[in-house]
Amino acid sequence: MVHGRIQIKFNAPLAGGLGWAAEDRRFEKTCWRRWQPPRLRFGPAKTLCSHCSRRWGKIFQMTRENVLKFPSGFLWGAATSPTQVEGHIKNEWTNFTAQDGGHCRIACDHYHRYPEDIEWMSKLGVNAYRFGIEWSRLQSAPFAALDQNELARYINLLDCLQAKGITPMVVLHHFSNPPRINAAGGWTNTATIPAFADYVRKLVAALKERVYLWNTFNEPDTYACVAYLLGGFPPQRKWRLGQFRRVVDHMARAHVQASRIIRREGAAGRKPEVGIAKNWTFFHAYERFSPWDRVTALVCHYTFNKFVLDAFLGGWRRRASTFIGLNYYGRVRFRHFRAMIPASGTPVKELKDFGFVCDDMVERYPEGLEKILAYLQRKFRLPVHITEHGSASADEKFRERDLRQNLAALHRSIQSGADVRGFFYWSLLDNFEWQFGYTKKFGLLAVDFTDEKLPRTMKPLAGVYARICRENAIRE
């Protein structure tokens with residue numbers, strides 16, 4: 001809802017409630033007969049002489065501020081993933097070397113410093129935190145008992161969140177697997193499905209008193225694509241379309257099984273909610289009449305958007321989700337078969353010359369958020385959480401502008417009937433951004449990776465976001 005607020009300030013003492021300065025004798029002598037109470041408006045009343053117009057312009061300092069209010073109970077959060085922030089991890093990323101030469105073996109040391117990071121969340125005013133629980137920490141082998149020491153650490157993290165009034169959303173799979181699962185073929189192997197279901201059953205039994213929001217898979221499309229088509233994630237396969245489709249299908253089947261477990265065995269007080277987090281990218285041709293670029297965009301849309309949504313939410317599988325998680329960053333446009341985004345290596349200067357507005361990763365496209373929310377609402381009629389949105393840039397003014405534009409689009413969508421329950425900023429911390437290493441700065445908090453103490457400091461955007469969280473509103 002848009003609330004217009006008008007503030008009126010007076011530069012001089014008021015006399016007799018008339019709202020004008022009685023000690024101004026020029027006003028009294030020249031204008032008393034002509035004076036009429038001005039209407040409440042922006043600018044001086046036309047009935048006044050030039051002197052009084054100036055006077056009233058000084059007396060009435062009017063400002064108008066639009067306040068975009070969000071629904072009561074809306075979740076304002078931040079997000080991380082274990083491989084990217086925890087450090088001290090043993091999965092397929094442990095020995096992976098990123099493009100900048102970095103690795104995730106220490107990352108942000110969130111593993112030891114989560115109490116400090118939760119204090120930062122409290123300062124930010126967030127009331128929700130989306131984070132992953134690392135499968136490889138809890139099960140040394142498929143179907144093994146959960147590691148009680150590692151489980152106790154995650155329970156303590158959840159208790160620290162509860163003490164600060166922060167609602168957790170737990171992600172069960174965020175681009176990583178235990179070593180023994182990887183050795184057997186990972187998600188290309190159907191045996192991974194029952195192994196994952198076993199892990200979920202044991203974890204839900206342990207955490208059901210503390211967690212009601214469950215996110216089974218983060219961006220299965222991104223994981224399958226970058227691992228089996230583009231070669232950027234382990235196992236770094238390229239153009240294995242059959243394996244890509246197999247991974248998505250197996251994850252969708254595992255999601256159905258995990259959902260049944262969570263909804264049947266995870267009820268303890270509040271009814272559990274479960275969904276995936278789908279990354280949605282718009283794919284367009286830069287030149288509308290370029291047939292090959294249009295075909296390229298269409299193929300990408302079908303492969304990474306439609307196919308994946310159908311796998312997880314098509315037909316009867318829609319009943320396995322009580323909400324949809326949406327990760328939204330922007331769009332990719334093609335020119336001569338080339339993806340015109342910084343993440344694909346297109347120089348920023350060239351993109352600016354073409355009129356693209358990009359962060360360090362993709363083209364920004366705030367109006368697209370309205371489009372995809374309207375589509376999801378119309379097609380699936382499920383509540384939505386914006387499980388990730390953020391920008392990577394050293395330009396904090398740019399990041400603030402991007403956030404405001406996307407939140408304004410989100411507000412318009414809610415006003416139009418979209419059932420959106422929460423927004424999670426990516427990311428709480430500057431972190432290990434997968435194949436890019438530490439070069440992409442998404443954090444609300446900066447982390448100095450050159451200092452072994454890894455100090456955190458709030459960026460300017462963090463102050464902006466903190467006000468939004470506390471007021472449950474954005475001010476224009």
# chains A, B, ... in the order shown; residues from 1 in each chain; ligands from 1
>>> residues_around(residues="Pro347 in chain A", least_positions_apart="5", cutoff="12 Å", atoms="only C-alpha atoms", output="number ranges by chain")
A: 339-342, 352-354, 356, 358-362
>>> write_last_selection(atoms="C-alpha atoms", output="mmCIF file, in the first residue's frame")
data_model
loop_
_atom_site.group_PDB
_atom_site.id
_atom_site.type_symbol
_atom_site.label_atom_id
_atom_site.label_comp_id
_atom_site.auth_asym_id
_atom_site.auth_seq_id
_atom_site.Cartn_x
_atom_site.Cartn_y
_atom_site.Cartn_z
ATOM 1 C CA ALA A 339 25.636 -14.188 -23.789
ATOM 2 C CA MET A 340 26.023 -10.471 -23.114
ATOM 3 C CA ILE A 341 26.803 -10.618 -19.394
ATOM 4 C CA PRO A 342 29.950 -10.063 -17.292
ATOM 5 C CA LYS A 352 27.812 -0.174 -21.263
ATOM 6 C CA ASP A 353 28.281 0.813 -24.888
ATOM 7 C CA PHE A 354 25.289 -1.368 -25.760
ATOM 8 C CA PHE A 356 23.207 -2.757 -20.645
ATOM 9 C CA CYS A 358 24.765 -4.916 -15.180
ATOM 10 C CA ASP A 359 26.333 -5.744 -11.875
ATOM 11 C CA ASP A 360 29.423 -7.956 -11.966
ATOM 12 C CA MET A 361 27.344 -10.962 -13.010
ATOM 13 C CA VAL A 362 24.203 -10.388 -15.123
#
>>> select_by_dssp(residues="range 148-317 of chain A", states="helix (DSSP H, G or I)", output="VMD selection string")
chain A and resid 148 to 163 179 to 183 186 to 188 192 to 207 220 to 228 241 to 265 291 to 313 315 to 317
>>> write_last_selection(atoms="C-alpha atoms", output="compact mmCIF listing (two decimals), in the first residue's frame")
# COMPACT_ATOMS: atom_id res chain seq x y z
CA GLN A 148 26.07 -35.96 16.94
CA ASN A 149 28.82 -33.36 17.44
CA GLU A 150 28.07 -31.70 14.11
CA LEU A 151 24.34 -31.95 14.75
CA ALA A 152 24.79 -30.25 18.14
CA ARG A 153 26.56 -27.35 16.46
CA TYR A 154 23.66 -26.79 14.04
CA ILE A 155 21.17 -27.07 16.92
CA ASN A 156 23.10 -24.42 18.81
CA LEU A 157 23.04 -22.18 15.72
CA LEU A 158 19.25 -22.58 15.55
CA ASP A 159 18.93 -21.79 19.27
CA CYS A 160 21.02 -18.63 18.80
CA LEU A 161 18.71 -17.57 15.98
CA GLN A 162 15.64 -18.23 18.12
CA ALA A 163 17.09 -16.13 20.94
CA PRO A 179 32.42 -37.69 -0.97
CA ARG A 180 30.98 -41.22 -1.08
CA ILE A 181 27.90 -39.99 -2.93
CA ASN A 182 30.13 -38.25 -5.48
CA ALA A 183 32.29 -41.35 -5.88
CA GLY A 186 26.37 -38.20 -7.50
CA TRP A 187 22.91 -37.26 -8.73
CA THR A 188 23.34 -39.14 -12.00
CA THR A 192 21.40 -41.08 -4.39
CA ILE A 193 17.61 -40.60 -4.07
CA PRO A 194 17.03 -43.05 -1.16
CA ALA A 195 20.30 -41.97 0.45
CA PHE A 196 19.12 -38.36 0.46
CA ALA A 197 15.70 -39.36 1.79
CA ASP A 198 17.37 -41.21 4.67
CA TYR A 199 19.42 -38.12 5.51
CA VAL A 200 16.32 -35.93 5.42
CA ARG A 201 14.33 -38.29 7.67
CA LYS A 202 17.03 -38.33 10.35
CA LEU A 203 17.64 -34.58 10.17
CA VAL A 204 13.95 -33.67 10.32
CA ALA A 205 13.48 -35.86 13.39
CA ALA A 206 16.30 -33.97 15.10
CA LEU A 207 15.27 -30.43 14.09
CA PRO A 220 18.77 -27.60 -9.25
CA ASP A 221 18.90 -26.02 -12.71
CA THR A 222 22.10 -24.12 -11.92
CA TYR A 223 23.73 -27.13 -10.27
CA ALA A 224 22.97 -29.48 -13.16
CA CYS A 225 23.82 -26.92 -15.83
CA VAL A 226 27.15 -25.69 -14.48
CA ALA A 227 28.30 -29.17 -13.42
CA TYR A 228 27.25 -31.11 -16.54
CA LEU A 241 22.78 -33.02 -21.87
CA GLY A 242 21.60 -36.51 -20.91
CA GLN A 243 23.30 -36.27 -17.53
CA PHE A 244 21.90 -32.77 -17.02
CA ARG A 245 18.36 -34.05 -17.54
CA ARG A 246 18.99 -37.11 -15.38
CA VAL A 247 20.26 -34.99 -12.47
CA VAL A 248 17.21 -32.72 -12.62
CA ASP A 249 14.84 -35.69 -12.76
CA HIS A 250 16.52 -37.47 -9.85
CA MET A 251 16.48 -34.32 -7.73
CA ALA A 252 12.79 -33.81 -8.52
CA ARG A 253 12.03 -37.36 -7.39
CA ALA A 254 14.08 -36.82 -4.23
CA HIS A 255 12.17 -33.60 -3.57
CA VAL A 256 8.88 -35.50 -3.63
CA GLN A 257 10.19 -38.07 -1.14
CA ALA A 258 11.72 -35.40 1.11
CA SER A 259 8.48 -33.42 1.08
CA ARG A 260 6.48 -36.45 2.21
CA ILE A 261 8.90 -37.01 5.08
CA ILE A 262 8.89 -33.38 6.18
CA ARG A 263 5.13 -32.99 6.05
CA ARG A 264 4.43 -36.35 7.69
CA GLU A 265 7.19 -36.43 10.32
CA PRO A 291 16.41 -15.45 -35.75
CA TRP A 292 19.40 -17.38 -34.41
CA ASP A 293 19.62 -15.37 -31.21
CA ARG A 294 15.88 -15.78 -30.71
CA VAL A 295 16.24 -19.55 -31.13
CA THR A 296 19.17 -19.57 -28.68
CA ALA A 297 17.11 -17.68 -26.10
CA LEU A 298 14.15 -19.99 -26.61
CA VAL A 299 16.27 -23.14 -26.16
CA CYS A 300 17.79 -21.74 -22.96
CA HIS A 301 14.37 -20.81 -21.61
CA TYR A 302 12.98 -24.26 -22.32
CA THR A 303 16.01 -26.08 -20.86
CA PHE A 304 16.66 -24.04 -17.73
CA ASN A 305 13.21 -22.67 -16.89
CA LYS A 306 10.35 -24.70 -18.34
CA PHE A 307 11.92 -28.16 -18.16
CA VAL A 308 13.04 -27.69 -14.55
CA LEU A 309 9.74 -26.20 -13.37
CA ASP A 310 7.82 -29.02 -15.02
CA ALA A 311 10.10 -31.61 -13.40
CA PHE A 312 9.48 -30.26 -9.88
CA LEU A 313 6.02 -28.72 -10.12
CA GLY A 315 1.22 -32.38 -12.78
CA TRP A 316 0.83 -34.26 -9.51
CA ARG A 317 4.30 -33.20 -8.34
>>> residues_around(residues="range 437-449 of chain A", least_positions_apart="2", cutoff="8 Å", atoms="only C-alpha atoms", output="PDB file with C-alpha atoms, in the first residue's frame")
ATOM      1  CA  ALA A  98      38.510 -21.084  -8.418  1.00  0.00           C
ATOM      2  CA  GLN A  99      39.322 -18.735 -11.287  1.00  0.00           C
ATOM      3  CA  ASP A 100      41.011 -16.293  -8.900  1.00  0.00           C
ATOM      4  CA  GLY A 101      43.092 -19.066  -7.294  1.00  0.00           C
ATOM      5  CA  GLY A 102      40.903 -19.121  -4.201  1.00  0.00           C
ATOM      6  CA  HIS A 103      39.433 -22.088  -2.347  1.00  0.00           C
ATOM      7  CA  CYS A 108      34.395 -16.849   6.058  1.00  0.00           C
ATOM      8  CA  ASP A 360      29.423  -7.956 -11.966  1.00  0.00           C
ATOM      9  CA  MET A 361      27.344 -10.962 -13.010  1.00  0.00           C
ATOM     10  CA  GLY A 390      21.217  -9.374  -4.605  1.00  0.00           C
ATOM     11  CA  SER A 391      23.883  -7.691  -6.670  1.00  0.00           C
ATOM     12  CA  ALA A 392      27.667  -7.951  -6.830  1.00  0.00           C
ATOM     13  CA  SER A 393      29.365  -4.604  -7.276  1.00  0.00           C
ATOM     14  CA  ALA A 394      31.839  -2.276  -5.605  1.00  0.00           C
ATOM     15  CA  TRP A 426      21.998 -12.658  -1.117  1.00  0.00           C
ATOM     16  CA  SER A 427      24.224 -12.537   0.706  1.00  0.00           C
ATOM     17  CA  LEU A 428      24.840 -11.849   4.373  1.00  0.00           C
ATOM     18  CA  LEU A 429      28.610 -11.986   3.785  1.00  0.00           C
ATOM     19  CA  ASP A 430      31.076 -11.515   0.980  1.00  0.00           C
ATOM     20  CA  ASN A 431      31.969 -15.144   0.349  1.00  0.00           C
ATOM     21  CA  PHE A 432      33.393 -17.863  -1.879  1.00  0.00           C
ATOM     22  CA  GLU A 433      31.357 -17.477  -5.075  1.00  0.00           C
ATOM     23  CA  TRP A 434      31.954 -20.926  -6.493  1.00  0.00           C
ATOM     24  CA  GLN A 435      34.035 -20.918  -9.713  1.00  0.00           C
ATOM     25  CA  ASP A 451      43.384 -10.558   7.180  1.00  0.00           C
ATOM     26  CA  GLU A 452      43.548 -13.968   8.849  1.00  0.00           C
ATOM     27  CA  LEU A 454      38.479 -12.203   8.634  1.00  0.00           C
ATOM     28  CA  PRO A 455      36.965  -9.038  10.141  1.00  0.00           C
ATOM     29  CA  ARG A 456      33.416  -8.089   9.141  1.00  0.00           C
ATOM     30  CA  THR A 457      32.255  -4.536   8.472  1.00  0.00           C
ATOM     31  CA  MET A 458      28.858  -3.218   7.411  1.00  0.00           C
ATOM     32  CA  LYS A 459      28.617  -1.839   3.899  1.00  0.00           C
ATOM     33  CA  LEU A 461      23.787  -1.026   1.642  1.00  0.00           C
ATOM     34  CA  ALA A 462      23.484  -2.844   4.963  1.00  0.00           C
TER      35      ALA A 462
END
>>> atom_distance(atom1="CA of His173 in chain A", atom2="CA of Trp280 in chain A")
17.9 Å
